[in-house]
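J.: Below is the structure I would like to discuss, written out as structure tokens.
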Amino acid sequence: PWQQETLQQMYHQHFFEKQDDLWAKNAYKTLPALMNATDMLVCGEDLGMVPPCVPTVLHDLCLLGLRIQRMPELPSDEFGDPSTYPYMTVCSPSCHDTTTLRGWWEEDKERRERFYHNFLKAKGDVPDKCGPKIVRTVLRQHFDSPSCWAIFALQDLLALSSTFSQRPALDETINDPTNPKHYWRFRFHVKVEDMLASKAWLADLQSLSVSSGRAKLSELSENLQECASADLYDSL
């Protein structure tokens with residue numbers, strides 16, 4: 001109906017046009033103060049509905065943006081392509097406010113089928129579960145991306161191991177923004193000692209890091225160098 005279109009236009013004009021200069025002015029005023037207050041690397045969460053001024057502000061202030069593959073920057077894209085991400089970004093398959101890679105795969109059948117066939121270019125039936133082979137392929141895309149940082153939820157890294165990924169996928173969600181009672185209560189089911197004892201899992205992580213150029217074999221400890229020399233990749 002024309003009433004809905006009119007309201008949508010008014011909404012867009014108010015939040016994304018009339019207020020854009022105000023958003024930018026305040027950003028240039030407040031963000032440098034925050035950046036100067038810490039030695040930490042500051043990143044901007046430029047996901048979802050953001051004002052048009054955001055990319056320019058991030059660029060001018062040399063702030064990293066965020067890229068989550070299933071939340072593409074362009075509305076015309078269904079999935080982000082890590083190989084095209086700008087250098088000044090942090091990339092990841094998921095974040096604290098989304099389901100994990102395994103969780104997303106299991107809860108959205110139609111979308112995972114499009115991702116499997118159209119984006120991963122895989123053939124055959126789409127697996128119901130996101131096993132280590134699929135996880136490894138997706139993680140490798142992010143390790144190999146031009147993004148300055150590739151940072152992963154530990155749940156997605158644990159999914160490289162069939163032993164570490166026995167827990168129901170949806171139980172690994174940290175925050176569910178639609179549920180006010182589901183926040184910051186996630187606890188890991190795998191001990192750090194068990195992770196360090198898993199040479200196969202460490203080999204996967206080290207190989208991904210070294211083959212992508214994000215780590216140098218010479219910089220790893222001796223036992224991790226042995227892990228990194230193993231090539232455990234399997235094609236889909």
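Residues are referred to by chain and number: the chain letter is A, B, ... according to the order shown in the structure tokens, the number counts from 1 in that chain, and ligands are numbered separately from 1 in the order shown.
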Counting only C-alpha atoms, what is within 12 Å of stretch 180-188 of chain A, bar same-chain residues fewer than 3 positions away, as a VMD selection string?
T.: chain A and resid 96 to 99 153 to 155 158 164 to 165 167 170 to 177 191 to 192 194 to 195
J.: Which residues come within 7 Å of A:Gln69, counting only C-alpha atoms, excluding same-chain residues fewer than 2 positions away, as a PyMOL selection string?
T.: chain A and resi 67+71-72+79-81+92-93
J.: So that I can check the secondary structure, give me every residue of stretch 36-148 of chain A assigned strand (DSSP E) by backbone DSSP, as a ChimeraX atom specification.
T.: /A:65-68,89-92
J.: Using only C-alpha atoms, determine which residues lie at most 12 Å from A:Ile151, disregarding the query and same-chain residues fewer than 4 positions distant; provide the list as a PDB file with C-alpha atoms, in the first residue's frame.
T.:
ATOM      1  CA  LEU A  66      33.901  -5.805  10.417  1.00  0.00           C
ATOM      2  CA  ARG A  67      32.937  -8.419   7.835  1.00  0.00           C
ATOM      3  CA  ILE A  68      30.692 -11.367   8.701  1.00  0.00           C
ATOM      4  CA  THR A  89      38.704  -5.030   8.008  1.00  0.00           C
ATOM      5  CA  VAL A  90      38.332  -7.850  10.512  1.00  0.00           C
ATOM      6  CA  CYS A  91      36.728 -10.935   8.970  1.00  0.00           C
ATOM      7  CA  SER A  92      34.981 -13.875  10.599  1.00  0.00           C
ATOM      8  CA  PRO A  93      32.277 -16.445   9.789  1.00  0.00           C
ATOM      9  CA  SER A  94      30.337 -15.484  12.935  1.00  0.00           C
ATOM     10  CA  CYS A  95      30.417 -13.249  15.993  1.00  0.00           C
ATOM     11  CA  HIS A  96      29.073 -13.082  19.538  1.00  0.00           C
ATOM     12  CA  LEU A 139      37.745 -20.962   7.632  1.00  0.00           C
ATOM     13  CA  HIS A 142      38.767 -16.218   5.833  1.00  0.00           C
ATOM     14  CA  PHE A 143      42.399 -17.049   6.581  1.00  0.00           C
ATOM     15  CA  SER A 145      41.275 -13.100   2.737  1.00  0.00           C
ATOM     16  CA  SER A 147      41.535  -8.592   5.698  1.00  0.00           C
ATOM     17  CA  GLN A 155      33.377 -22.534  18.701  1.00  0.00           C
ATOM     18  CA  ASP A 156      34.051 -22.279  14.951  1.00  0.00           C
ATOM     19  CA  LEU A 157      37.652 -23.384  15.432  1.00  0.00           C
ATOM     20  CA  SER A 209      47.758 -19.986   9.631  1.00  0.00           C
ATOM     21  CA  ARG A 214      49.255 -15.151   8.683  1.00  0.00           C
TER      22      ARG A 214
END
J.: In stretch 4-194 of chain A, what's alpha helix (DSSP H) per DSSP? Answer as an MDAnalysis selection string?
T.: chainID A and resid 4:13 20:36 54:60 101:107 109:114 132:143 154:158 192:194
J.: Which residue is closest to A:Ala24? Choose from A:Leu41, A:Met49, A:Ala200, A:Leu58 and count only C-alpha atoms.
T.: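 Residue with the minimum atom-to-atom distance to A:Ala24: A:Leu58.
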J.: Enumerate, in order of chain and increasing residue number, the residues of stretch 161-190 of chain A with an atom no farther than 12 Å from stretch 123-135 of chain A, each with its shortest atom pair and distance in Å to one decimal, counting only C-alpha atoms, as JSON lines.
T.:
{"residue": "A:Ser161", "atom": "CA", "partner": "A:Pro132", "partner_atom": "CA", "distance": 6.1}
{"residue": "A:Ser162", "atom": "CA", "partner": "A:Pro132", "partner_atom": "CA", "distance": 6.5}
{"residue": "A:Thr163", "atom": "CA", "partner": "A:Pro132", "partner_atom": "CA", "distance": 10.1}
{"residue": "A:Phe164", "atom": "CA", "partner": "A:Pro132", "partner_atom": "CA", "distance": 10.3}
{"residue": "A:Ser165", "atom": "CA", "partner": "A:Gly131", "partner_atom": "CA", "distance": 8.7}
{"residue": "A:Gln166", "atom": "CA", "partner": "A:Gly131", "partner_atom": "CA", "distance": 10.5}
{"residue": "A:Pro168", "atom": "CA", "partner": "A:Lys129", "partner_atom": "CA", "distance": 10.6}
{"residue": "A:Ala169", "atom": "CA", "partner": "A:Lys129", "partner_atom": "CA", "distance": 9.3}
J.: With N, CA, C and O atoms retained, could you export that selection as a PDB file, in the first residue's frame?
T.:
ATOM      1  N   SER A 161      37.264 -30.159  14.582  1.00  0.00           N
ATOM      2  CA  SER A 161      37.444 -31.481  15.169  1.00  0.00           C
ATOM      3  C   SER A 161      36.091 -32.124  15.437  1.00  0.00           C
ATOM      4  O   SER A 161      35.245 -31.533  16.115  1.00  0.00           O
ATOM      5  N   SER A 162      35.890 -33.323  14.924  1.00  0.00           N
ATOM      6  CA  SER A 162      34.628 -34.021  15.189  1.00  0.00           C
ATOM      7  C   SER A 162      34.505 -34.375  16.668  1.00  0.00           C
ATOM      8  O   SER A 162      33.395 -34.495  17.206  1.00  0.00           O
ATOM      9  N   THR A 163      35.633 -34.502  17.343  1.00  0.00           N
ATOM     10  CA  THR A 163      35.617 -34.808  18.781  1.00  0.00           C
ATOM     11  C   THR A 163      35.152 -33.607  19.592  1.00  0.00           C
ATOM     12  O   THR A 163      34.383 -33.748  20.551  1.00  0.00           O
ATOM     13  N   PHE A 164      35.592 -32.412  19.208  1.00  0.00           N
ATOM     14  CA  PHE A 164      35.257 -31.205  19.956  1.00  0.00           C
ATOM     15  C   PHE A 164      33.899 -30.623  19.583  1.00  0.00           C
ATOM     16  O   PHE A 164      33.440 -29.671  20.222  1.00  0.00           O
ATOM     17  N   SER A 165      33.253 -31.137  18.554  1.00  0.00           N
ATOM     18  CA  SER A 165      31.999 -30.540  18.082  1.00  0.00           C
ATOM     19  C   SER A 165      30.802 -31.480  18.261  1.00  0.00           C
ATOM     20  O   SER A 165      29.918 -31.548  17.416  1.00  0.00           O
ATOM     21  N   GLN A 166      30.805 -32.189  19.376  1.00  0.00           N
ATOM     22  CA  GLN A 166      29.697 -33.089  19.677  1.00  0.00           C
ATOM     23  C   GLN A 166      28.518 -32.369  20.328  1.00  0.00           C
ATOM     24  O   GLN A 166      27.398 -32.866  20.325  1.00  0.00           O
ATOM     25  N   PRO A 168      25.402 -29.903  20.889  1.00  0.00           N
ATOM     26  CA  PRO A 168      24.410 -29.337  19.965  1.00  0.00           C
ATOM     27  C   PRO A 168      24.821 -27.944  19.519  1.00  0.00           C
ATOM     28  O   PRO A 168      25.195 -27.096  20.339  1.00  0.00           O
ATOM     29  N   ALA A 169      24.767 -27.694  18.216  1.00  0.00           N
ATOM     30  CA  ALA A 169      25.308 -26.451  17.647  1.00  0.00           C
ATOM     31  C   ALA A 169      24.665 -25.207  18.243  1.00  0.00           C
ATOM     32  O   ALA A 169      25.352 -24.225  18.543  1.00  0.00           O
TER      33      ALA A 169
END
J.: If we count only C-alpha atoms, what is near A:Ala122 at a cut-off of 12 Å, once residues fewer than 4 positions away on the same chain are taken out, given as a PyMOL selection string?
T.: chain A and resi 112-118+126-127+133-134+137+235-236
J.: Keeping only C-alpha atoms, write the selected residues as a compact mmCIF listing (two decimals), in the first residue's frame.
T.:
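Dumped to part33.txt:
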# COMPACT_ATOMS: atom_id res chain seq x y z
CA ARG A 112 22.80 -23.37 3.37
CA GLU A 113 21.87 -25.10 0.11
CA ARG A 114 22.47 -21.89 -1.83
CA PHE A 115 25.73 -21.33 0.03
CA TYR A 116 26.89 -24.88 -0.61
CA HIS A 117 26.12 -24.95 -4.32
CA ASN A 118 26.48 -21.31 -5.39
CA VAL A 126 23.96 -30.79 0.97
CA PRO A 127 24.95 -32.29 4.35
CA LYS A 133 35.46 -30.51 5.87
CA ILE A 134 32.95 -27.69 5.34
CA THR A 137 36.78 -24.74 3.69
CA SER A 235 38.22 -31.05 -0.61
CA LEU A 236 34.46 -31.00 -0.58
J.: So which one's closest to A:Met35, A:Thr100, A:Arg140, A:Cys62, A:Cys148? Using only C-alpha atoms, please.
T.: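 The closest residue to A:Met35 is A:Cys62.
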J.: Mind giving me the straight-line distance from atom CA of A:Trp2 to atom CA of A:His14 in Å, one decimal?
T.: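 So the answer is 18.3 Å.
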J.: One decimal, in Å: what's the spacing between atom CA of A:Phe16 and atom CA of A:Pro51?
T.: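 Separating atom CA of A:Phe16 from atom CA of A:Pro51 is a distance of 5.3 Å.
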J.: Rounded to one decimal, what separation in Å do you get between atom CA of A:Leu64 and atom CA of A:Pro86?
T.: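 Taking atom CA of A:Leu64 and atom CA of A:Pro86, their separation equals 9.5 Å.
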